[in-house]
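Asks: One file: input29.txt (compact mmCIF, C-alpha atoms).
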# COMPACT_ATOMS: atom_id res chain seq x y z
CA MET A 164 53.56 -55.01 19.28
CA THR A 165 50.56 -52.75 19.84
CA THR A 166 49.79 -51.24 23.20
CA PRO A 167 46.44 -51.91 24.87
CA ARG A 168 43.44 -49.67 24.41
CA VAL A 169 41.30 -49.28 27.50
CA GLU A 170 37.74 -48.09 26.92
CA VAL A 171 35.05 -47.66 29.56
CA ALA A 172 31.73 -45.83 29.40
CA ILE A 173 28.83 -44.89 31.63
CA THR A 174 25.63 -42.87 31.36
CA ILE A 175 25.18 -40.16 33.97
CA ARG A 176 21.81 -38.54 34.57
CA ALA A 177 23.07 -34.96 34.46
CA ALA A 178 23.52 -32.21 31.90
CA ARG A 179 26.54 -32.65 29.65
CA GLU A 180 28.02 -29.24 30.60
CA ARG A 181 27.76 -30.06 34.30
CA VAL A 182 29.50 -33.42 33.90
CA PHE A 183 32.21 -31.94 31.67
CA ASP A 184 32.88 -29.07 34.09
CA ALA A 185 33.27 -31.51 36.99
CA TRP A 186 36.33 -32.96 35.24
CA LEU A 187 38.11 -29.60 35.42
CA ASP A 188 37.09 -28.39 38.88
CA PRO A 189 39.50 -29.53 41.64
CA ASP A 190 36.83 -29.65 44.36
CA ARG A 191 34.53 -31.84 42.28
CA LEU A 192 37.38 -33.93 40.84
CA ALA A 193 38.51 -34.73 44.38
CA ARG A 194 35.15 -36.49 44.89
CA PHE A 195 35.69 -39.03 42.12
CA LEU A 196 39.20 -39.06 40.59
CA CYS A 197 40.27 -41.87 42.91
CA ALA A 198 40.03 -45.52 41.96
CA GLY A 199 38.68 -48.29 44.16
CA ALA A 200 39.21 -47.79 47.89
CA THR A 201 41.50 -44.79 47.45
CA HIS A 202 40.71 -41.18 48.24
CA VAL A 203 42.27 -37.99 46.91
CA ALA A 204 44.98 -36.80 49.30
CA CYS A 205 46.14 -33.92 47.06
CA ILE A 206 44.88 -32.37 43.85
CA GLU A 207 46.21 -29.52 41.72
CA VAL A 208 44.51 -28.42 38.51
CA ASP A 209 45.50 -25.78 35.95
CA ALA A 210 42.45 -26.27 33.71
CA ARG A 211 43.62 -24.86 30.38
CA GLU A 212 45.13 -26.39 27.28
CA GLY A 213 48.80 -26.89 28.11
CA GLY A 214 48.02 -26.66 31.83
CA GLN A 215 49.10 -29.38 34.22
CA PHE A 216 47.31 -31.42 36.85
CA ARG A 217 48.40 -33.65 39.70
CA VAL A 218 46.32 -36.02 41.79
CA VAL A 219 47.58 -38.14 44.65
CA MET A 220 45.36 -41.13 45.37
CA ALA A 221 45.87 -42.56 48.85
CA SER A 222 44.85 -45.68 50.72
CA GLU A 223 46.06 -47.58 53.76
CA ARG A 224 48.68 -49.15 51.46
CA GLY A 225 50.26 -45.84 50.42
CA GLU A 226 50.03 -42.89 48.07
CA TYR A 227 49.90 -43.00 44.28
CA ASP A 228 50.99 -39.92 42.35
CA HIS A 229 49.42 -39.20 38.93
CA ARG A 230 50.30 -36.27 36.69
CA GLY A 231 49.45 -34.96 33.27
CA HIS A 232 48.96 -32.09 30.87
CA TYR A 233 45.73 -30.98 29.26
CA LEU A 234 46.09 -31.45 25.50
CA GLU A 235 42.56 -30.47 24.46
CA ILE A 236 39.64 -28.86 26.26
CA ALA A 237 36.64 -28.71 23.91
CA ARG A 238 33.74 -27.87 26.22
CA PRO A 239 31.42 -29.72 26.54
CA GLU A 240 32.29 -32.45 24.02
CA ARG A 241 35.82 -33.67 24.69
CA LEU A 242 38.69 -33.56 27.14
CA ARG A 243 42.12 -34.99 26.29
CA PHE A 244 45.10 -35.21 28.62
CA THR A 245 48.27 -37.13 29.30
CA TRP A 246 48.40 -39.54 32.25
CA THR A 247 51.69 -40.45 33.91
CA SER A 248 52.17 -42.59 37.02
CA ALA A 249 54.26 -45.42 38.39
CA SER A 250 51.87 -47.89 36.75
CA THR A 251 52.57 -46.34 33.33
CA SER A 252 56.29 -46.82 34.06
CA GLY A 253 56.63 -43.03 34.15
CA VAL A 254 55.64 -42.79 30.49
CA ALA A 255 53.04 -40.19 29.45
CA THR A 256 49.99 -42.03 28.13
CA ASP A 257 46.95 -40.51 26.41
CA VAL A 258 43.40 -40.25 27.79
CA THR A 259 40.39 -38.91 25.88
CA VAL A 260 37.05 -38.40 27.62
CA THR A 261 34.02 -37.65 25.46
CA PHE A 262 30.67 -36.36 26.69
CA GLU A 263 27.65 -37.20 24.53
CA GLU A 264 24.19 -35.86 25.24
CA THR A 265 21.56 -38.62 25.26
CA ASP A 266 17.91 -38.98 26.24
CA GLU A 267 19.10 -40.49 29.55
CA GLY A 268 21.62 -37.73 30.36
CA THR A 269 25.29 -37.78 29.37
CA ARG A 270 27.19 -40.73 27.95
CA VAL A 271 30.79 -40.45 29.19
CA THR A 272 33.31 -42.55 27.28
CA LEU A 273 36.93 -42.72 28.38
CA VAL A 274 39.66 -44.12 26.12
CA HIS A 275 43.19 -44.62 27.47
CA VAL A 276 45.98 -45.57 25.06
CA GLY A 277 49.73 -46.01 25.31
CA LEU A 278 49.67 -48.14 28.45
CA PRO A 279 52.17 -50.88 29.11
CA PRO A 280 50.40 -54.23 28.48
CA GLU A 281 50.69 -55.26 32.14
CA ALA A 282 48.83 -52.08 33.24
CA ALA A 283 45.72 -52.41 31.05
CA ALA A 284 43.59 -54.53 33.40
CA GLU A 285 44.42 -52.34 36.41
CA HIS A 286 43.52 -49.19 34.49
CA THR A 287 40.30 -50.71 33.16
CA ARG A 288 39.19 -51.40 36.76
CA GLY A 289 40.41 -48.00 37.93
CA TRP A 290 38.70 -45.95 35.24
CA ARG A 291 35.49 -47.96 35.62
CA SER A 292 35.53 -47.17 39.36
CA ILE A 293 36.22 -43.48 38.69
CA LEU A 294 33.33 -43.20 36.21
CA GLN A 295 30.99 -44.87 38.72
CA LYS A 296 32.12 -42.42 41.42
CA CYS A 297 31.56 -39.55 38.98
CA ARG A 298 28.03 -40.81 38.33
CA ASP A 299 27.39 -41.13 42.08
CA ALA A 300 28.74 -37.62 42.74
CA MET A 301 26.45 -36.16 40.08
CA ARG A 302 23.50 -38.13 41.47
CA ALA A 303 24.26 -36.85 45.00
CA GLY A 304 23.86 -33.32 43.73
CA THR A 305 27.48 -32.23 43.84
CA PRO A 306 27.34 -28.42 43.84
CA ARG A 307 27.36 -26.57 40.52
Show me this structure written as structure tokens.

Replies:
Amino acid sequence: MTTPRVEVAITIRAARERVFDAWLDPDRLARFLCAGATHVACIEVDAREGGQFRVVMASERGEYDHRGHYLEIARPERLRFTWTSASTSGVATDVTVTFEETDEGTRVTLVHVGLPPEAAAEHTRGWRSILQKCRDAMRAGTPR
């Protein structure tokens, strides 16, 4: 049985380097690395290959801890990291985010593999929401 492959993409009207860098800066990540109606209650980022990160998404229903390790940081083209949470059954899954320069700005494509089948739909919605929040943060002129 193959595991699901989640893929979501969005175009953001901002320079590729600026969008890429936002994915490694804890202050900027805290603005968008939270799905749906959640907000970031805690974020820790060691932005280097082999470094770890932790983000706690919170809502009125509780807190949701997510952790991972940076596997590849190829600025400004690609970012690859593991993603572990309760909804991955504590298993480290694999996320690759690519940043492609286009005439309209930056095409951000996120691919998440290794998810349990029952978690694919939830992660599709979550990543879609996160990419939209990233776009909105860039549009709002998030510093740097």

Asks: When distances are computed from all atoms listed in the file, which of A:Val208, A:Ala283, A:Leu278, A:Val219 shows the smallest separation from His232 of chain A?

Replies: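 Selected residue with least distance to His232 of chain A: A:Val208.
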
Asks: Tell me, counting all atoms listed in the file, for each residue of segment 236-268 of chain A within 12 Å of segment 215-218 of chain A, which pair of atoms is nearest and how far apart they are in Å to one decimal, in rows ordered by chain and increasing number, as JSON lines.

Replies:
{"residue": "A:Arg243", "atom": "CA", "partner": "A:Gln215", "partner_atom": "CA", "distance": 12.0}
{"residue": "A:Phe244", "atom": "CA", "partner": "A:Gln215", "partner_atom": "CA", "distance": 9.0}
{"residue": "A:Thr245", "atom": "CA", "partner": "A:Gln215", "partner_atom": "CA", "distance": 9.2}
{"residue": "A:Trp246", "atom": "CA", "partner": "A:Phe216", "partner_atom": "CA", "distance": 9.4}
{"residue": "A:Thr247", "atom": "CA", "partner": "A:Arg217", "partner_atom": "CA", "distance": 9.5}
{"residue": "A:Ser248", "atom": "CA", "partner": "A:Val218", "partner_atom": "CA", "distance": 10.0}

Asks: Would you please work out which residue, of A:Thr287, A:Ser292, A:Thr174, A:Ser250, is nearest to His275 of chain A when using only C-alpha atoms?

Replies: A:Thr287

Asks: I'd like to know which of A:Met301, A:Val276, A:Val271, A:Cys205 is closest to Ala172 of chain A, using all atoms listed in the file.

Replies: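 Closest residue, counting all atoms listed in the file: A:Val271.
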
Asks: For Glu267 of chain A, which residue among A:Val169, A:Arg298, A:Tyr227, A:Arg176 is the nearest when counting only C-alpha atoms?

Replies: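 Checking each of A:Val169, A:Arg298, A:Tyr227, A:Arg176 against Glu267 of chain A, counting only C-alpha atoms, the winner is A:Arg176.
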
Asks: Grab the atom CA of Val260 of chain A to atom CA of Thr201 of chain A distance for me, in Å with one decimal place.

Replies: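 A separation of 21.3 Å between them.
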
Asks: Would you compute the distance between atom CA of Thr265 of chain A and atom CA of Ala303 of chain A? Give it in Å to one decimal.

Replies: 20.0 Å

Asks: Using only C-alpha atoms, which of A:Gly268, A:Thr166, A:Glu240, A:Arg181 sits nearest Glu281 of chain A?

Replies: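 When distances to Glu281 of chain A are compared using only C-alpha atoms, the smallest one comes from A:Thr166.
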
Asks: Between A:Glu223, A:Glu263, A:Glu285, A:Asp299, which residue has the minimum interatomic distance to Phe183 of chain A, considering only C-alpha atoms?

Replies: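 The shortest atom-to-atom distance to Phe183 of chain A comes from A:Glu263.
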
Asks: Have a look at atom CA of Arg270 of chain A and atom CA of Ile175 of chain A and let me know their distance in Å, one decimal.

Replies: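 Going from atom CA of Arg270 of chain A over to atom CA of Ile175 of chain A, I get 6.4 Å.
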
Asks: Would you mind listing what lies within 12 Å of Glu207 of chain A as a list in words, with all atoms listed in the file counted and same-chain residues fewer than 2 positions away left out?

Replies: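 Contacts, in chain order: Leu187, Asp188, Pro189, Asp190, Arg191, Leu192, Ala193, Leu196, Val203, Ala204, Cys205, Asp209, Ala210, Gly214, Gln215, Phe216, Arg217, Val218, Val219, Asp228, His229, Arg230, Gly231 and His232 of chain A.
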
Asks: I need the chosen residues saved as a PDB file, keeping the file's coordinate frame, with C-alpha atoms.

Replies:
ATOM      1  CA  LEU A 187      38.110 -29.600  35.420  1.00  0.00           C
ATOM      2  CA  ASP A 188      37.090 -28.390  38.880  1.00  0.00           C
ATOM      3  CA  PRO A 189      39.500 -29.530  41.640  1.00  0.00           C
ATOM      4  CA  ASP A 190      36.830 -29.650  44.360  1.00  0.00           C
ATOM      5  CA  ARG A 191      34.530 -31.840  42.280  1.00  0.00           C
ATOM      6  CA  LEU A 192      37.380 -33.930  40.840  1.00  0.00           C
ATOM      7  CA  ALA A 193      38.510 -34.730  44.380  1.00  0.00           C
ATOM      8  CA  LEU A 196      39.200 -39.060  40.590  1.00  0.00           C
ATOM      9  CA  VAL A 203      42.270 -37.990  46.910  1.00  0.00           C
ATOM     10  CA  ALA A 204      44.980 -36.800  49.300  1.00  0.00           C
ATOM     11  CA  CYS A 205      46.140 -33.920  47.060  1.00  0.00           C
ATOM     12  CA  ASP A 209      45.500 -25.780  35.950  1.00  0.00           C
ATOM     13  CA  ALA A 210      42.450 -26.270  33.710  1.00  0.00           C
ATOM     14  CA  GLY A 214      48.020 -26.660  31.830  1.00  0.00           C
ATOM     15  CA  GLN A 215      49.100 -29.380  34.220  1.00  0.00           C
ATOM     16  CA  PHE A 216      47.310 -31.420  36.850  1.00  0.00           C
ATOM     17  CA  ARG A 217      48.400 -33.650  39.700  1.00  0.00           C
ATOM     18  CA  VAL A 218      46.320 -36.020  41.790  1.00  0.00           C
ATOM     19  CA  VAL A 219      47.580 -38.140  44.650  1.00  0.00           C
ATOM     20  CA  ASP A 228      50.990 -39.920  42.350  1.00  0.00           C
ATOM     21  CA  HIS A 229      49.420 -39.200  38.930  1.00  0.00           C
ATOM     22  CA  ARG A 230      50.300 -36.270  36.690  1.00  0.00           C
ATOM     23  CA  GLY A 231      49.450 -34.960  33.270  1.00  0.00           C
ATOM     24  CA  HIS A 232      48.960 -32.090  30.870  1.00  0.00           C
TER      25      HIS A 232
END
